[in-house]
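A.B. asks: Just so it is clear, I am handing over final-v1.cif, which has mmCIF, C-alpha atoms.
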```cif
data_start
loop_
_atom_site.group_PDB
_atom_site.id
_atom_site.type_symbol
_atom_site.label_atom_id
_atom_site.label_comp_id
_atom_site.auth_asym_id
_atom_site.auth_seq_id
_atom_site.Cartn_x
_atom_site.Cartn_y
_atom_site.Cartn_z
ATOM 1 C CA MET A 1 0.000 0.000 0.000
ATOM 2 C CA ASP A 2 1.327 3.391 -0.981
ATOM 3 C CA ALA A 3 -1.423 5.980 -0.849
ATOM 4 C CA VAL A 4 -2.404 9.470 0.188
ATOM 5 C CA ILE A 5 -4.780 9.742 3.125
ATOM 6 C CA GLN A 6 -6.452 12.828 4.503
ATOM 7 C CA GLY A 7 -6.059 13.793 8.148
ATOM 8 C CA LYS A 8 -8.793 15.414 10.199
ATOM 9 C CA ASP A 9 -6.854 18.657 9.734
ATOM 10 C CA GLY A 10 -7.718 18.543 6.002
ATOM 11 C CA ASN A 11 -4.102 17.888 4.974
ATOM 12 C CA ASP A 12 -2.959 14.997 2.825
ATOM 13 C CA TYR A 13 -0.429 12.506 4.229
ATOM 14 C CA ARG A 14 1.409 9.710 2.490
ATOM 15 C CA ILE A 15 1.058 6.212 3.965
ATOM 16 C CA ARG A 16 3.482 3.570 2.747
ATOM 17 C CA PRO A 17 5.426 0.472 3.776
ATOM 18 C CA ILE A 18 8.341 1.116 6.101
ATOM 19 C CA ARG A 19 11.846 1.101 4.567
ATOM 20 C CA PRO A 20 15.308 0.433 6.032
ATOM 21 C CA ASP A 21 16.246 4.088 5.534
ATOM 22 C CA ASP A 22 13.471 5.076 8.013
ATOM 23 C CA ALA A 23 15.512 3.882 11.023
ATOM 24 C CA GLU A 24 16.880 7.289 12.072
ATOM 25 C CA SER A 25 13.465 8.915 11.729
ATOM 26 C CA LEU A 26 11.976 6.149 13.886
ATOM 27 C CA MET A 27 14.528 6.947 16.589
ATOM 28 C CA ARG A 28 13.682 10.670 16.467
ATOM 29 C CA GLY A 29 9.951 9.942 16.504
ATOM 30 C CA TYR A 30 10.289 7.624 19.485
ATOM 31 C CA ASP A 31 12.288 10.268 21.338
ATOM 32 C CA ALA A 32 9.423 12.730 20.730
ATOM 33 C CA LEU A 33 7.052 10.488 22.730
ATOM 34 C CA SER A 34 6.338 11.149 26.383
ATOM 35 C CA PRO A 35 7.585 8.556 28.882
ATOM 36 C CA GLN A 36 3.991 7.342 29.294
ATOM 37 C CA ALA A 37 3.493 7.018 25.510
ATOM 38 C CA LYS A 38 6.761 5.051 25.277
ATOM 39 C CA TRP A 39 5.521 2.712 27.991
ATOM 40 C CA PHE A 40 2.157 2.319 26.244
ATOM 41 C CA ARG A 41 3.983 1.442 23.008
ATOM 42 C CA MET A 42 6.475 -1.053 24.476
ATOM 43 C CA LEU A 43 4.586 -2.081 27.663
ATOM 44 C CA HIS A 44 7.837 -1.693 29.585
ATOM 45 C CA ALA A 45 10.416 1.050 30.028
ATOM 46 C CA VAL A 46 12.446 1.679 26.871
ATOM 47 C CA PRO A 47 13.823 5.240 27.126
ATOM 48 C CA HIS A 48 15.330 5.287 23.601
ATOM 49 C CA LEU A 49 15.384 3.074 20.533
ATOM 50 C CA THR A 50 18.907 1.876 19.892
ATOM 51 C CA PRO A 51 20.188 1.981 16.323
ATOM 52 C CA GLU A 52 19.908 -1.819 16.273
ATOM 53 C CA MET A 53 16.287 -1.753 17.407
ATOM 54 C CA ALA A 54 15.404 0.947 14.882
ATOM 55 C CA ALA A 55 17.139 -0.998 12.090
ATOM 56 C CA ALA A 56 15.174 -4.141 12.987
ATOM 57 C CA TYR A 57 11.850 -2.256 13.146
ATOM 58 C CA SER A 58 12.482 -0.527 9.824
ATOM 59 C CA ASP A 59 13.401 -3.715 7.940
ATOM 60 C CA PRO A 60 10.639 -6.226 8.712
ATOM 61 C CA ASP A 61 10.543 -9.731 7.262
ATOM 62 C CA PRO A 62 7.965 -9.381 4.460
ATOM 63 C CA ASP A 63 6.883 -13.018 4.934
ATOM 64 C CA ASP A 64 6.000 -12.425 8.594
ATOM 65 C CA GLU A 65 5.318 -8.739 9.223
ATOM 66 C CA ILE A 66 3.435 -5.783 7.785
ATOM 67 C CA CYS A 67 4.361 -2.218 8.727
ATOM 68 C CA LEU A 68 2.858 0.953 7.304
ATOM 69 C CA VAL A 69 4.132 4.416 8.202
ATOM 70 C CA VAL A 70 2.703 7.884 7.752
ATOM 71 C CA GLU A 71 5.055 10.578 6.450
ATOM 72 C CA GLY A 72 5.090 14.057 7.941
ATOM 73 C CA GLN A 73 4.820 17.390 6.207
ATOM 74 C CA GLY A 74 5.679 20.995 6.948
ATOM 75 C CA ALA A 75 8.219 21.116 9.796
ATOM 76 C CA LEU A 76 8.140 17.290 9.876
ATOM 77 C CA THR A 77 8.674 16.691 6.152
ATOM 78 C CA GLY A 78 10.853 13.637 5.746
ATOM 79 C CA GLU A 79 9.971 12.348 9.211
ATOM 80 C CA ILE A 80 7.827 9.377 10.131
ATOM 81 C CA LEU A 81 4.808 10.531 12.141
ATOM 82 C CA GLY A 82 3.945 6.992 13.194
ATOM 83 C CA GLY A 83 2.245 3.946 11.861
ATOM 84 C CA ALA A 84 0.990 0.455 12.538
ATOM 85 C CA ARG A 85 2.323 -3.061 12.188
ATOM 86 C CA VAL A 86 1.171 -6.652 12.427
ATOM 87 C CA ASN A 87 3.647 -9.406 13.307
ATOM 88 C CA GLY A 88 2.999 -13.066 12.548
ATOM 89 C CA VAL A 89 0.980 -12.753 9.350
ATOM 90 C CA GLY A 90 -0.013 -15.600 7.092
ATOM 91 C CA PRO A 91 -2.850 -17.986 6.326
ATOM 92 C CA GLY A 92 -4.680 -19.025 9.482
ATOM 93 C CA LYS A 93 -2.341 -17.096 11.799
ATOM 94 C CA ASP A 94 -3.252 -14.703 14.603
ATOM 95 C CA GLY A 95 -1.128 -11.600 14.013
ATOM 96 C CA GLU A 96 -0.122 -9.214 16.780
ATOM 97 C CA PHE A 97 -0.720 -5.512 16.080
ATOM 98 C CA ALA A 98 0.965 -2.369 17.388
ATOM 99 C CA VAL A 99 0.336 1.326 16.734
ATOM 100 C CA SER A 100 2.382 4.419 17.500
ATOM 101 C CA MET A 101 2.012 8.095 16.590
ATOM 102 C CA ARG A 102 4.130 11.164 17.376
ATOM 103 C CA PRO A 103 2.384 13.674 19.642
ATOM 104 C CA GLU A 104 2.230 16.241 16.823
ATOM 105 C CA ALA A 105 0.052 13.859 14.782
ATOM 106 C CA ARG A 106 -2.370 12.643 17.425
ATOM 107 C CA GLY A 107 -6.041 13.331 16.921
ATOM 108 C CA LEU A 108 -5.745 13.506 13.129
ATOM 109 C CA GLY A 109 -7.120 10.004 12.465
ATOM 110 C CA LEU A 110 -3.785 8.847 11.032
ATOM 111 C CA ALA A 111 -3.249 6.018 13.548
ATOM 112 C CA ARG A 112 -6.722 4.716 12.687
ATOM 113 C CA ARG A 113 -5.977 4.785 8.961
ATOM 114 C CA ALA A 114 -2.608 3.054 9.453
ATOM 115 C CA LEU A 115 -4.161 0.342 11.643
ATOM 116 C CA ILE A 116 -6.987 -0.236 9.154
ATOM 117 C CA GLY A 117 -4.343 -0.500 6.411
ATOM 118 C CA VAL A 118 -2.331 -3.239 8.145
ATOM 119 C CA ILE A 119 -5.521 -5.076 9.181
ATOM 120 C CA ASP A 120 -6.704 -5.075 5.552
ATOM 121 C CA ILE A 121 -3.349 -6.455 4.380
ATOM 122 C CA ALA A 122 -3.366 -9.107 7.144
ATOM 123 C CA ARG A 123 -6.888 -10.108 6.087
ATOM 124 C CA ASP A 124 -5.800 -10.311 2.427
ATOM 125 C CA GLN A 125 -2.885 -12.550 3.488
ATOM 126 C CA GLY A 126 -5.309 -14.936 5.192
ATOM 127 C CA CYS A 127 -4.774 -14.078 8.858
ATOM 128 C CA ALA A 128 -7.476 -15.531 11.077
ATOM 129 C CA SER A 129 -7.343 -12.574 13.481
ATOM 130 C CA VAL A 130 -5.262 -9.750 14.844
ATOM 131 C CA TRP A 131 -4.715 -9.108 18.523
ATOM 132 C CA GLY A 132 -2.692 -6.842 20.746
ATOM 133 C CA SER A 133 -1.970 -5.987 24.353
ATOM 134 C CA VAL A 134 -3.238 -2.561 25.400
ATOM 135 C CA ALA A 135 -2.515 -0.849 28.703
ATOM 136 C CA ARG A 136 -5.783 -0.415 30.578
ATOM 137 C CA ARG A 137 -4.862 3.259 31.130
ATOM 138 C CA ASN A 138 -4.294 3.855 27.401
ATOM 139 C CA ASP A 139 -7.664 5.488 26.699
ATOM 140 C CA GLY A 140 -6.723 6.501 23.147
ATOM 141 C CA MET A 141 -5.811 2.983 22.027
ATOM 142 C CA ARG A 142 -8.730 1.428 23.889
ATOM 143 C CA GLY A 143 -11.127 3.800 22.136
ATOM 144 C CA LEU A 144 -9.575 3.164 18.722
ATOM 145 C CA ALA A 145 -9.773 -0.597 19.205
ATOM 146 C CA GLU A 146 -13.426 -0.371 20.260
ATOM 147 C CA ARG A 147 -14.326 1.842 17.281
ATOM 148 C CA LEU A 148 -12.717 -0.690 14.916
ATOM 149 C CA GLY A 149 -14.719 -3.576 16.396
ATOM 150 C CA PHE A 150 -12.067 -5.232 18.557
ATOM 151 C CA THR A 151 -13.225 -7.228 21.568
ATOM 152 C CA LEU A 152 -11.435 -6.103 24.733
ATOM 153 C CA ARG A 153 -10.927 -8.294 27.793
ATOM 154 C CA ILE A 154 -8.615 -8.235 30.799
ATOM 155 C CA ASP A 155 -5.387 -10.136 30.174
ATOM 156 C CA PRO A 156 -5.505 -13.109 32.569
ATOM 157 C CA GLU A 157 -1.699 -12.992 32.913
ATOM 158 C CA ASP A 158 -1.424 -9.248 33.615
ATOM 159 C CA LYS A 159 -4.423 -7.369 35.026
ATOM 160 C CA THR A 160 -2.915 -4.009 33.970
ATOM 161 C CA LEU A 161 -3.407 -4.985 30.327
ATOM 162 C CA LEU A 162 -6.314 -5.637 28.032
ATOM 163 C CA LEU A 163 -6.253 -8.098 25.157
ATOM 164 C CA ALA A 164 -7.772 -6.571 22.031
ATOM 165 C CA GLU A 165 -8.896 -9.156 19.475
ATOM 166 C CA LEU A 166 -10.439 -8.831 16.036
ATOM 167 C CA PRO A 167 -11.443 -11.863 13.966
ATOM 168 C CA LEU A 168 -10.661 -11.422 10.264
ATOM 169 C CA HIS A 169 -12.016 -14.651 8.806
ATOM 170 C CA PRO A 170 -14.745 -16.936 10.089
ATOM 171 C CA PRO A 171 -13.386 -20.151 11.630
ATOM 172 C CA GLY A 172 -13.371 -23.273 9.511
#
```
If you convert what's in this file into structure tokens, what do you get?
C.D. replies:
Amino acid sequence: MDAVIQGKDGNDYRIRPIRPDDAESLMRGYDALSPQAKWFRMLHAVPHLTPEMAAAYSDPDPDDEICLVVEGQGALTGEILGGARVNGVGPGKDGEFAVSMRPEARGLGLARRALIGVIDIARDQGCASVWGSVARRNDGMRGLAERLGFTLRIDPEDKTLLLAELPLHPPG
């Protein structure tokens, strides 16, 4: 998917697959997040992305992972605003999703569009469902998951988390 999407601010943004040369922008974008947003994204304390982590995130295995990013504009031209990914894709698999967006891009509907994009690709690749762990205090992600039809339930292994699940294909 390489497309132009419109944000709630009326501006057009490019959404596209992540590339290896996005690693440095990913590091800068992660550093722009608040400590709480970093925790919500990683579900544990990761103060900074290392170059190795950023390189791994920006060069996913195309047979196992989908990652779409949204490009910035204006003062953030050339930067990644955020995006969504699904790990563990393939026929009959249950892929794990994640979403992240720089603070400057929150509230524009871009995270929603990126998540819908990776869900659609996962569905096209035959995934049975997508799921993710969401911090119970992460109201933004909880609301997005609910609006997209995910079922939310308390994680039996960690009561501070919710499991968000969305079936993509009927069983059988």
A.B. asks: Quick one: distance from CA of Glu157 (chain A) to CA of Pro60 (chain A) in Å, one decimal?
C.D. replies: 28.0 Å
A.B. asks: Choose the residue, out of A:Arg14, A:Arg136, A:Arg28, A:Arg113, that has the smallest atom-to-atom separation from Leu161 (chain A); count only C-alpha atoms.
C.D. replies: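 Smallest distance to Leu161 (chain A) is found for A:Arg136.
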A.B. asks: Run the PyMOL selection byres ((chain A and resi 154) around 12) against the file shown and list the residues it catches, as a list in words.
C.D. replies: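 Evaluating the PyMOL selection byres ((chain A and resi 154) around 12) on these coordinates yields Gly132, Ser133, Val134, Ala135, Arg136, Arg142, Thr151, Leu152, Arg153, Asp155, Pro156, Glu157, Asp158, Lys159, Thr160, Leu161, Leu162, Leu163, Ala164 and Glu165 of chain A.
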A.B. asks: Near Ala32 (chain A), counting all atoms listed in the file, which residues have an atom at most 8 Å away, once you skip same-chain residues fewer than 2 positions from it, shown as a VMD selection string?
C.D. replies: chain A and resid 28 to 30 34 102 to 103
A.B. asks: Selection in question (the file shown): the PyMOL selection byres ((chain A and resi 17) around 7). Which residues does it include, as a VMD selection string?
C.D. replies: chain A and resid 1 to 2 16 18 to 19 67 to 69
A.B. asks: Take the residues from that selection and write them out as an mmCIF file, in the frame of the given file, keeping C-alpha atoms.
C.D. replies:
```cif
data_model
loop_
_atom_site.group_PDB
_atom_site.id
_atom_site.type_symbol
_atom_site.label_atom_id
_atom_site.label_comp_id
_atom_site.auth_asym_id
_atom_site.auth_seq_id
_atom_site.Cartn_x
_atom_site.Cartn_y
_atom_site.Cartn_z
ATOM 1 C CA MET A 1 0.000 0.000 0.000
ATOM 2 C CA ASP A 2 1.327 3.391 -0.981
ATOM 3 C CA ARG A 16 3.482 3.570 2.747
ATOM 4 C CA ILE A 18 8.341 1.116 6.101
ATOM 5 C CA ARG A 19 11.846 1.101 4.567
ATOM 6 C CA CYS A 67 4.361 -2.218 8.727
ATOM 7 C CA LEU A 68 2.858 0.953 7.304
ATOM 8 C CA VAL A 69 4.132 4.416 8.202
#
```
A.B. asks: Residues near Ile121 (chain A), anyone? I mean within 9 Å using only C-alpha atoms, not counting same-chain ones fewer than 5 positions away, as a ChimeraX atom specification.
C.D. replies: /A:1,66,116,126-127
A.B. asks: Determine the residue set returned by the PyMOL selection byres ((chain A and resi 79) around 12) for the present structure, and present it as a CSV table (one decimal) with C-alpha atoms, keeping the file's coordinate frame.
C.D. replies:
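Final output, result.csv:
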```
chain,number,residue,atom,x,y,z
A,13,TYR,CA,-0.4,12.5,4.2
A,14,ARG,CA,1.4,9.7,2.5
A,18,ILE,CA,8.3,1.1,6.1
A,21,ASP,CA,16.2,4.1,5.5
A,22,ASP,CA,13.5,5.1,8.0
A,23,ALA,CA,15.5,3.9,11.0
A,24,GLU,CA,16.9,7.3,12.1
A,25,SER,CA,13.5,8.9,11.7
A,26,LEU,CA,12.0,6.1,13.9
A,27,MET,CA,14.5,6.9,16.6
A,28,ARG,CA,13.7,10.7,16.5
A,29,GLY,CA,10.0,9.9,16.5
A,30,TYR,CA,10.3,7.6,19.5
A,32,ALA,CA,9.4,12.7,20.7
A,69,VAL,CA,4.1,4.4,8.2
A,70,VAL,CA,2.7,7.9,7.8
A,71,GLU,CA,5.1,10.6,6.4
A,72,GLY,CA,5.1,14.1,7.9
A,73,GLN,CA,4.8,17.4,6.2
A,74,GLY,CA,5.7,21.0,6.9
A,75,ALA,CA,8.2,21.1,9.8
A,76,LEU,CA,8.1,17.3,9.9
A,77,THR,CA,8.7,16.7,6.2
A,78,GLY,CA,10.9,13.6,5.7
A,80,ILE,CA,7.8,9.4,10.1
A,81,LEU,CA,4.8,10.5,12.1
A,82,GLY,CA,3.9,7.0,13.2
A,83,GLY,CA,2.2,3.9,11.9
A,101,MET,CA,2.0,8.1,16.6
A,102,ARG,CA,4.1,11.2,17.4
A,104,GLU,CA,2.2,16.2,16.8
A,105,ALA,CA,0.1,13.9,14.8
```
A.B. asks: Report, as AutoDock Vina command-line options, the axis-aligned box around all atoms of region 27-46 of chain A present in the file, extended by 6 Å on each side; give centre and edge lengths in Å to one decimal place.
C.D. replies:
```
--center_x 8.3 --center_y 5.3 --center_z 23.2 --size_x 24.4 --size_y 26.8 --size_z 25.6
```
A.B. asks: Which one is closest to Val130 (chain A): A:Asp64, A:Asp31, A:Asp12, A:Glu96? Count all atoms listed in the file.
C.D. replies: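 Result for the nearest residue to Val130 (chain A): A:Glu96.
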A.B. asks: From the list A:Pro167, A:Asp120, A:Tyr57, A:Leu115, which residue is nearest Pro20 (chain A) when using only C-alpha atoms?
C.D. replies: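 That would be A:Tyr57, the residue with the smallest distance to Pro20 (chain A).
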A.B. asks: Do you have the CA of Asp63 (chain A)-CA of Val89 (chain A) distance handy?
C.D. replies: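 Between CA of Asp63 (chain A) and CA of Val89 (chain A) the gap works out to 7.4 Å.
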A.B. asks: Counting only C-alpha atoms, I want the residues whose atoms come within 9 Å of (-2.6, -20.6, 14.4) in the file frame, returned as a ChimeraX atom specification.
C.D. replies: /A:91-94,127-128
A.B. asks: How would region 6-18 of chain A read, as a CSV table (one decimal), in the coordinates of the input, once N, CA and C atoms are built in?
C.D. replies:
```
chain,number,residue,atom,x,y,z
A,6,GLN,N,-6.2,11.5,4.0
A,6,GLN,CA,-6.5,12.8,4.5
A,6,GLN,C,-6.6,12.8,6.0
A,7,GLY,N,-5.9,13.7,6.7
A,7,GLY,CA,-6.1,13.8,8.1
A,7,GLY,C,-7.3,14.6,8.5
A,8,LYS,N,-7.7,14.6,9.7
A,8,LYS,CA,-8.8,15.4,10.2
A,8,LYS,C,-8.5,16.9,10.1
A,9,ASP,N,-7.2,17.3,9.9
A,9,ASP,CA,-6.9,18.7,9.7
A,9,ASP,C,-7.0,19.1,8.3
A,10,GLY,N,-7.5,18.2,7.4
A,10,GLY,CA,-7.7,18.5,6.0
A,10,GLY,C,-6.5,18.4,5.1
A,11,ASN,N,-5.3,18.1,5.7
A,11,ASN,CA,-4.1,17.9,5.0
A,11,ASN,C,-4.0,16.5,4.5
A,12,ASP,N,-3.2,16.3,3.4
A,12,ASP,CA,-3.0,15.0,2.8
A,12,ASP,C,-1.6,14.5,3.4
A,13,TYR,N,-1.6,13.2,3.7
A,13,TYR,CA,-0.4,12.5,4.2
A,13,TYR,C,-0.2,11.2,3.4
A,14,ARG,N,1.1,10.9,3.2
A,14,ARG,CA,1.4,9.7,2.5
A,14,ARG,C,1.5,8.6,3.5
A,15,ILE,N,0.9,7.4,3.2
A,15,ILE,CA,1.1,6.2,4.0
A,15,ILE,C,1.7,5.2,3.0
A,16,ARG,N,2.7,4.5,3.6
A,16,ARG,CA,3.5,3.6,2.7
A,16,ARG,C,4.2,2.5,3.6
A,17,PRO,N,4.7,1.5,3.0
A,17,PRO,CA,5.4,0.5,3.8
A,17,PRO,C,6.7,1.1,4.3
A,18,ILE,N,7.1,0.6,5.5
A,18,ILE,CA,8.3,1.1,6.1
A,18,ILE,C,9.5,0.7,5.3
```
